[in-house]
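A.B. asks: Attaching a single structure in structure tokens format; questions to follow.
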There are 4 protein chains.
Amino acid sequence: MPHSVVVFGAAGYTGALTAKLLYGHPSFELRALTARSDVGRRLDDLYPHHRIPLELEELDLDRHGEIDAAVVAYPHGASAPLVKALREREVRVVDLSADFRLRDAATYEAWYRPHEAPELLDDAVYGLPERYREQIRGASLVANPGCYPTAALLALAPLAREGVLDDVVIDAKSGVSGAGRAATDKTHFVAVDENVSAYGVPRHRHTPEIEQELATLGADLRITFTPHLLPLDQGELVTCYVTGNGALEDLDLDELYAGSYADEPFVELAAAPPGVRDVRETNFCRISVHRDPRTSRVIVFAAIDNLWKGAASQAVQNLNLMFGLPEGEGIT
Amino acid sequence: MPHSVVVFGAAGYTGALTAKLLYGHPSFELRALTARSDVGRRLDDLYPHHRIPLELEELDLDRHGEIDAAVVAYPHGASAPLVKALREREVRVVDLSADFRLRDAATYEAWYRPHEAPELLDDAVYGLPERYREQIRGASLVANPGCYPTAALLALAPLAREGVLDDVVIDAKSGVSGAGRAATDKTHFVAVDENVSAYGVPRHRHTPEIEQELATLGADLRITFTPHLLPLDQGELVTCYVTGNGALEDLDLDELYAGSYADEPFVELAAAPPGVRDVRETNFCRISVHRDPRTSRVIVFAAIDNLWKGAASQAVQNLNLMFGLPEGEGIT
Amino acid sequence: MPHSVVVFGAAGYTGALTAKLLYGHPSFELRALTARSDVGRRLDDLYPHHRIPLELEELDLDRHGEIDAAVVAYPHGASAPLVKALREREVRVVDLSADFRLRDAATYEAWYRPHEAPELLDDAVYGLPERYREQIRGASLVANPGCYPTAALLALAPLAREGVLDDVVIDAKSGVSGAGRAATDKTHFVAVDENVSAYGVPRHRHTPEIEQELATLGADLRITFTPHLLPLDQGELVTCYVTGNGALEDLDLDELYAGSYADEPFVELAAAPPGVRDVRETNFCRISVHRDPRTSRVIVFAAIDNLWKGAASQAVQNLNLMFGLPEGEGIT
Amino acid sequence: MPHSVVVFGAAGYTGALTAKLLYGHPSFELRALTARSDVGRRLDDLYPHHRIPLELEELDLDRHGEIDAAVVAYPHGASAPLVKALREREVRVVDLSADFRLRDAATYEAWYRPHEAPELLDDAVYGLPERYREQIRGASLVANPGCYPTAALLALAPLAREGVLDDVVIDAKSGVSGAGRAATDKTHFVAVDENVSAYGVPRHRHTPEIEQELATLGADLRITFTPHLLPLDQGELVTCYVTGNGALEDLDLDELYAGSYADEPFVELAAAPPGVRDVRETNFCRISVHRDPRTSRVIVFAAIDNLWKGAASQAVQNLNLMFGLPEGEGIT
């Protein structure tokens, strides 16, 4: 019997895509979609290409809370109270916001805002399956990673585990869907088309998330992270420049990465630098690692689809793990 | 001595570009820029690439009305009262809105809204220099044509004059800047990118403008006009499908068009169908005429830059004519 | 037991996509891929995002001809001899070229070139399932329609059947993948980006194909068809301008189209003009029909993905019919 | 009296744009255009938007060598012999290739190929006016910088002069025109659209050029330089990540950059990270410098138009200096 699920906040790009993936998922039954705007409209009116004939409903926990699983696609800050309410009803939750990604409430509050449910932080598992697969299997609350951290951590984890990272610069490039559905001066076609520029300089809020997870792998360092907005829809590329300690020079990089990801169904290794087209509308992360013999620096590229592996399909991957389902069900 | 000029409504795309052209114009002195939003911001903050270090000011006719010339880049309806006030001060005006394009107030009101200054309609000259050059020279109020009518009329005028038009379908394609600076669901990058669709079906408001002007050339007919939004910034292509009466078949089209536009500095004829890149950031209209021997239909393509010949540079072309200056000054 | 199938000419866009669809198809076993260029390369090297780990092989009918089904994705003219050889081995064939679309060899030769296998024309069924579903079920050779005819015929068939078409203008807009994989001056990014222009004026070779099929529905007329190239990858929109006889005015268009396509799994009707994003990477054709009360003209829009419904997924839809499988298997 | 000039290799993007700028230049007379392909075609046939009605001619030094000035837009390696022949005729040359950028023939040969005219290296001046204005004024041979080095050096020179650079990573993003006019798998619209990827990893040939010029400023270090291809036409952004020695922390960056570029007509400083749209079709380089207080790293962004300041307009800027003309003549 399928598990009942509701997507909370399905009017945005990531919520809507999660709804689409769950609507076609053989082991989940998508009970309802809620939204904070556009209540009463059908999702296939807002997103014709998703073809989901369900109406966006106003949140009503009495109706929407009697479920097995929830995906919450609310903005940061707005998410925590809803997650708390759902957890009180024993609903298993994947949260797409940043509210439960940072283990330390103080760090969250330094980068975001006062935390509304810090008591849940201990229960939350960081939802990067390639790192925390077992913990996710037993979790009742999964904090879905940010899109940039997903790509950056998959790119850097093998090196971090080896203890060879001295310094890391991450130059990231993202399509416009990463900026969300809000129509603003920044997302206007004319502002983006034939353009490229950096944003969030020098303190983008995905920085502490990347640092936290590198530290759990033994690489306790401050990174430099700079995202850029590109004239494309979906896709994200991180270019990671790694300065290592002496041991980095002796590593066989190909062997290291091949070994690290041999059993990972959604990580691909490539000889050539990946393009975001290679992973468009998939849950794959495609990685290529290069050494510059002139500087001894190592460059790691990782490409994902920011709406898929960077958000919605990774949320479903986490749900699959939480409910004991095949990890790729509904997303391949 | 240069003529003093103010651009009213310089925060939008066409007003800002007009400001840029006039700022560098040797015979005009750009005295001020007004705006309805963004008052207090500098234009080079809103539009860095225009490099105009002037501040957007709140409208104050006592300060802004003591000038020789005005360009009004207000929305339809908002324009008429301002134009009226400026005309009362004997300022010569080029109006970029639709408010004075339609000679008949009733037609205007059927397609737009109640007219706020119908008494000025008789004075207004339709600002298509290739059609009304002499009248513009003597005009105190010029109604700058819509972008689609500019391209469509230049494409069709030679045939209209010959009296051979029986039926016309105009399929138009426009870049997103034609939709203006407002950030909406329709102008969001993700909505436009990798997409194309029609809008304004079946009653786009440029229709009566095209029909009015064809009628003055002897072609009194109802046209079909359908614009489409394309994933590009600036540029507009009209594809005109002409069904003619018997006389059309006997016309030497190349000769007709060459003769019609031999002396026109801003109309180019081309053997191959034009692309909008060919005219990007210019005041040119590039036209190509083809006959389909199988159907006897004639197809005329015309490409312009919607912000230039379709708005701002044509406004300057009109100002040049009104003030007895070389027609291409400041726009070539 | 799955049916064995080979894709001949899998290095191009449509052949490669057909290979991808058949590789994941539960009822076909993709035995091999052949190519005329790039022999020896793996398809996932040429097209990483398709993820098909098969090598492109040189054609060898002894090895490649012992199969149940073939998809031929050769250029026009090159296809006919291969199709003939495959038919001699009793392989059931879907041909993506134009070689068997036109029933009359003389018409083919007037628009294309000498025909290499005219004796097969009588056996060939035009592979538009919405028109010839039953014939396709029994066919051994299916001529997959051109992309433009697919969209145009689905848009116009209901009106053609009613006998109300007097004159039709089809203005088509296509993404660059429609021009194929060859790197040319026309497909260079810089030529296409920020541009739009018509091509194939006034005699594009999809014209006789559309006329032939309209005639079979009772609408024997010469159409005007003009395609335009747009700065996008996949997607095709046809805007059909229909001048009708008197009976057209009395038709209830919504009822007509709803009735015509009520049972069609891959035709969608929409109130608003469709965008190509709505059907991207799907086998759907999305249609919207509008009447202009001022001119009595009817405008029908139809959007498809040129590589999917316009080529590869329609080929699989046809294969499904030919082998008695569920029509949407492997393409939904 | 204007100086006579010929553009050698005017069929490519940079040569054609140089031709356009010189055609409209008040102090030069564009005598001829030569080309290695497309001989006999008119430039306005190849590049309609440039509107230069001159024919591309086969090289004939007897006709084309009797001039005051030459711009050579040949590929690397092909340029040196032609430059040599022109210098023997005492023509003053701006060379757009890499052949005379590297002072050391051995370095050139390590990164490119055998050098055909090493005896001219001592005479060649590196044509970055902001660095070598006086030397360019007296030069007979100017090596126009590469596009990436132009942006990178303008971004980094103030820091290099201060002696605070310890390590530099340059992550560069470029539009497709930087890859030249050749139609290849890499420049096909479908390969670039909705994509981003790195190329030239880890040894792009602009690396030694940047290192050479940083060394002349006192910063003798090995840099990491990685360019990425973006789905846009013209424009280039470099993001420079600077690790400094202790003295970097004490620098007032805003003051340093303001002082360095106070008198530079074509360098703009901006508080916000620049976009390439800000400098499109201009000779400007727009720079923004930021310090990350968490890591003490400094990030410098510089945006140029790769075809203008990165090639053609900088070539004209150099010609202006060489002939004692106002530096911005013909390019503002």
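To be explicit about the labels: the chains of the structure tokens are called A, B, and onward in the order shown, and within each one the residues are counted from 1, while ligands get numbers from 1 in the order they are shown.
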Counting only C-alpha atoms, a student should be able to say which residues of chain A come within 10 Å of chain C; what is the right answer, written as a ChimeraX atom specification?
C.D. replies: /A:44,47-51,193-194,270,274-282,284
A.B. asks: Can you pull out the residues contacting Lys20 (chain B)? Cut-off 12 Å, using only C-alpha atoms, and skip same-chain residues under 5 positions away; I want them as an mmCIF file with N, CA, C and O atoms, in the first residue's frame.
C.D. replies:
```cif
data_model
loop_
_atom_site.group_PDB
_atom_site.id
_atom_site.type_symbol
_atom_site.label_atom_id
_atom_site.label_comp_id
_atom_site.auth_asym_id
_atom_site.auth_seq_id
_atom_site.Cartn_x
_atom_site.Cartn_y
_atom_site.Cartn_z
ATOM 1 N N VAL B 6 13.626 67.368 -22.267
ATOM 2 C CA VAL B 6 13.448 66.529 -21.086
ATOM 3 C C VAL B 6 12.800 65.221 -21.533
ATOM 4 O O VAL B 6 11.932 65.224 -22.405
ATOM 5 N N VAL B 7 13.261 64.110 -20.948
ATOM 6 C CA VAL B 7 12.580 62.833 -21.169
ATOM 7 C C VAL B 7 11.704 62.567 -19.952
ATOM 8 O O VAL B 7 12.205 62.461 -18.820
ATOM 9 N N ALA B 10 11.654 58.206 -17.750
ATOM 10 C CA ALA B 10 12.925 57.663 -18.237
ATOM 11 C C ALA B 10 13.355 56.404 -17.512
ATOM 12 O O ALA B 10 14.451 55.896 -17.750
ATOM 13 N N ALA B 11 12.514 55.876 -16.644
ATOM 14 C CA ALA B 11 12.904 54.670 -15.909
ATOM 15 C C ALA B 11 12.639 53.396 -16.705
ATOM 16 O O ALA B 11 13.228 52.361 -16.419
ATOM 17 N N TYR B 13 12.376 51.009 -20.340
ATOM 18 C CA TYR B 13 13.385 50.706 -21.357
ATOM 19 C C TYR B 13 13.453 51.773 -22.445
ATOM 20 O O TYR B 13 14.532 52.200 -22.839
ATOM 21 N N THR B 14 12.292 52.184 -22.968
ATOM 22 C CA THR B 14 12.336 53.090 -24.117
ATOM 23 C C THR B 14 12.694 54.498 -23.677
ATOM 24 O O THR B 14 13.447 55.193 -24.362
ATOM 25 N N GLY B 15 12.190 54.908 -22.533
ATOM 26 C CA GLY B 15 12.558 56.236 -22.032
ATOM 27 C C GLY B 15 14.044 56.321 -21.742
ATOM 28 O O GLY B 15 14.702 57.320 -22.076
ATOM 29 N N HIS B 25 23.540 63.534 -28.036
ATOM 30 C CA HIS B 25 23.120 64.193 -29.288
ATOM 31 C C HIS B 25 23.740 65.592 -29.353
ATOM 32 O O HIS B 25 23.612 66.374 -28.416
ATOM 33 N N PHE B 28 20.952 68.601 -29.045
ATOM 34 C CA PHE B 28 20.012 68.701 -27.928
ATOM 35 C C PHE B 28 20.778 68.732 -26.606
ATOM 36 O O PHE B 28 21.856 68.145 -26.483
ATOM 37 N N GLU B 29 20.200 69.418 -25.682
ATOM 38 C CA GLU B 29 20.764 69.420 -24.330
ATOM 39 C C GLU B 29 19.745 68.743 -23.412
ATOM 40 O O GLU B 29 18.637 69.259 -23.213
ATOM 41 N N LEU B 30 20.124 67.615 -22.883
ATOM 42 C CA LEU B 30 19.211 66.851 -22.035
ATOM 43 C C LEU B 30 19.175 67.493 -20.652
ATOM 44 O O LEU B 30 20.105 67.357 -19.868
ATOM 45 N N ALA B 32 16.782 67.162 -18.087
ATOM 46 C CA ALA B 32 16.346 66.390 -16.920
ATOM 47 C C ALA B 32 15.674 65.111 -17.374
ATOM 48 O O ALA B 32 15.278 64.964 -18.540
ATOM 49 N N LEU B 33 15.580 64.201 -16.428
ATOM 50 C CA LEU B 33 14.847 62.951 -16.615
ATOM 51 C C LEU B 33 13.823 62.870 -15.497
ATOM 52 O O LEU B 33 14.166 63.052 -14.334
ATOM 53 N N LEU B 43 20.264 57.176 -13.414
ATOM 54 C CA LEU B 43 19.984 56.280 -14.532
ATOM 55 C C LEU B 43 21.108 55.267 -14.717
ATOM 56 O O LEU B 43 20.850 54.116 -15.104
ATOM 57 N N ASP B 44 22.346 55.657 -14.447
ATOM 58 C CA ASP B 44 23.432 54.680 -14.625
ATOM 59 C C ASP B 44 23.482 53.663 -13.489
ATOM 60 O O ASP B 44 24.281 52.717 -13.552
ATOM 61 N N TYR B 47 20.566 51.429 -15.299
ATOM 62 C CA TYR B 47 21.030 50.939 -16.604
ATOM 63 C C TYR B 47 22.517 51.251 -16.752
ATOM 64 O O TYR B 47 22.892 52.205 -17.448
ATOM 65 N N PRO B 48 23.367 50.457 -16.101
ATOM 66 C CA PRO B 48 24.802 50.782 -16.167
ATOM 67 C C PRO B 48 25.315 50.942 -17.593
ATOM 68 O O PRO B 48 26.172 51.789 -17.851
ATOM 69 N N HIS B 49 24.821 50.122 -18.516
ATOM 70 C CA HIS B 49 25.396 50.148 -19.862
ATOM 71 C C HIS B 49 25.056 51.435 -20.619
ATOM 72 O O HIS B 49 25.689 51.726 -21.624
ATOM 73 N N HIS B 50 24.074 52.195 -20.151
ATOM 74 C CA HIS B 50 23.783 53.457 -20.844
ATOM 75 C C HIS B 50 24.735 54.575 -20.410
ATOM 76 O O HIS B 50 24.923 55.549 -21.138
ATOM 77 N N ARG B 51 25.287 54.455 -19.195
ATOM 78 C CA ARG B 51 26.302 55.425 -18.732
ATOM 79 C C ARG B 51 25.785 56.868 -18.740
ATOM 80 O O ARG B 51 26.481 57.774 -19.186
ATOM 81 N N ILE B 52 24.579 57.072 -18.249
ATOM 82 C CA ILE B 52 24.020 58.429 -18.161
ATOM 83 C C ILE B 52 23.971 58.819 -16.682
ATOM 84 O O ILE B 52 23.147 58.301 -15.920
ATOM 85 N N PRO B 53 24.810 59.764 -16.273
ATOM 86 C CA PRO B 53 24.949 60.077 -14.842
ATOM 87 C C PRO B 53 23.915 61.091 -14.369
ATOM 88 O O PRO B 53 24.257 62.060 -13.690
ATOM 89 N N LEU B 54 22.665 60.872 -14.703
ATOM 90 C CA LEU B 54 21.614 61.814 -14.309
ATOM 91 C C LEU B 54 20.643 61.120 -13.365
ATOM 92 O O LEU B 54 20.380 59.931 -13.493
ATOM 93 N N TRP B 308 14.750 50.564 -30.679
ATOM 94 C CA TRP B 308 15.364 51.633 -31.479
ATOM 95 C C TRP B 308 14.348 52.162 -32.515
ATOM 96 O O TRP B 308 13.581 53.066 -32.228
ATOM 97 N N ALA B 312 12.741 54.344 -29.436
ATOM 98 C CA ALA B 312 13.575 55.468 -29.023
ATOM 99 C C ALA B 312 14.290 56.169 -30.174
ATOM 100 O O ALA B 312 14.295 57.398 -30.257
ATOM 101 N N SER B 313 14.942 55.408 -31.043
ATOM 102 C CA SER B 313 15.698 56.107 -32.091
ATOM 103 C C SER B 313 14.751 56.731 -33.102
ATOM 104 O O SER B 313 15.051 57.775 -33.689
ATOM 105 N N VAL B 316 13.893 60.038 -31.740
ATOM 106 C CA VAL B 316 14.935 61.034 -32.010
ATOM 107 C C VAL B 316 14.918 61.434 -33.483
ATOM 108 O O VAL B 316 15.092 62.612 -33.829
ATOM 109 N N GLY B 330 22.641 61.865 -34.202
ATOM 110 C CA GLY B 330 22.542 61.255 -32.880
ATOM 111 C C GLY B 330 22.067 59.816 -32.867
ATOM 112 O O GLY B 330 21.992 59.189 -31.800
ATOM 113 N N ILE B 331 21.749 59.273 -34.038
ATOM 114 C CA ILE B 331 21.244 57.882 -34.040
ATOM 115 C C ILE B 331 21.995 56.997 -35.029
ATOM 116 O O ILE B 331 21.529 55.901 -35.333
#
```
A.B. asks: Quick one: residues within 8 Å of Glu116 (chain B), only C-alpha atoms, excluding same-chain residues fewer than 2 positions away - as an NGL selection string?
C.D. replies: :B and (77 or 80-81 or 114 or 118)
A.B. asks: Could you give me, as JSON, numbers by chain, each residue of region 218-289 of chain C that DSSP assigns to strand (DSSP E or B) when run on this structure's backbone?
C.D. replies: {"C": [224, 225, 226, 227, 228, 229, 236, 237, 238, 239, 240, 241, 242, 243, 244, 267, 268, 269, 285, 286, 287, 288, 289]}
A.B. asks: Generate a file of the selected residues that holds C-alpha atoms, formatted as a JSON list (two decimals), in the first residue's frame.
C.D. replies:
```json
[["chain", "number", "residue", "atom", "x", "y", "z"],
["C", 224, "THR", "CA", 1.68, 28.81, -47.73],
["C", 225, "PHE", "CA", 4.20, 27.47, -45.26],
["C", 226, "THR", "CA", 7.09, 29.51, -43.84],
["C", 227, "PRO", "CA", 9.39, 28.22, -41.09],
["C", 228, "HIS", "CA", 11.53, 30.42, -38.86],
["C", 229, "LEU", "CA", 14.60, 29.54, -36.81],
["C", 236, "GLU", "CA", 8.24, 23.84, -32.53],
["C", 237, "LEU", "CA", 5.18, 26.03, -32.78],
["C", 238, "VAL", "CA", 2.94, 26.31, -35.81],
["C", 239, "THR", "CA", 0.56, 29.22, -36.12],
["C", 240, "CYS", "CA", -2.09, 28.34, -38.68],
["C", 241, "TYR", "CA", -4.19, 31.13, -40.20],
["C", 242, "VAL", "CA", -7.33, 29.69, -41.71],
["C", 243, "THR", "CA", -9.62, 31.45, -44.11],
["C", 244, "GLY", "CA", -12.80, 29.47, -44.33],
["C", 267, "VAL", "CA", -3.23, 15.58, -28.09],
["C", 268, "GLU", "CA", -4.01, 18.27, -25.52],
["C", 269, "LEU", "CA", -6.40, 21.15, -25.99],
["C", 285, "CYS", "CA", 0.89, 18.02, -29.21],
["C", 286, "ARG", "CA", -0.81, 20.95, -27.49],
["C", 287, "ILE", "CA", -3.41, 22.79, -29.54],
["C", 288, "SER", "CA", -5.39, 25.96, -29.05],
["C", 289, "VAL", "CA", -7.98, 27.27, -31.49]]
```
A.B. asks: Provide the CA of Leu59 (chain C) to CA of Glu119 (chain C) distance in Å, to one decimal place.
C.D. replies: 23.4 Å
A.B. asks: Got a sec to tell me which of region 97-259 of chain A DSSP assigns to alpha helix (DSSP H), as a ChimeraX atom specification?
C.D. replies: /A:105-111,129-137,147-162,189-192,207-216,246-250,253-259
A.B. asks: Enter the distance from CA of Leu156 (chain C) to CA of Ala198 (chain B), in Å, rounded to one decimal.
C.D. replies: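 CA of Ala198 (chain B) lies 17.6 Å from CA of Leu156 (chain C).
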A.B. asks: At a cut-off of 12 Å, using only C-alpha atoms, what residues contact Asp68 (chain D)? Leave out same-chain residues fewer than 6 positions from it and give the result as a ChimeraX atom specification.
C.D. replies: /D:1-7,27-31,86-87,89-94,140,319,322-323
A.B. asks: Between CA of Asp104 (chain D) and CA of Thr216 (chain D), what is the distance in Å, rounded to a tenth?
C.D. replies: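 CA of Thr216 (chain D) lies at a distance of 13.0 Å from CA of Asp104 (chain D).
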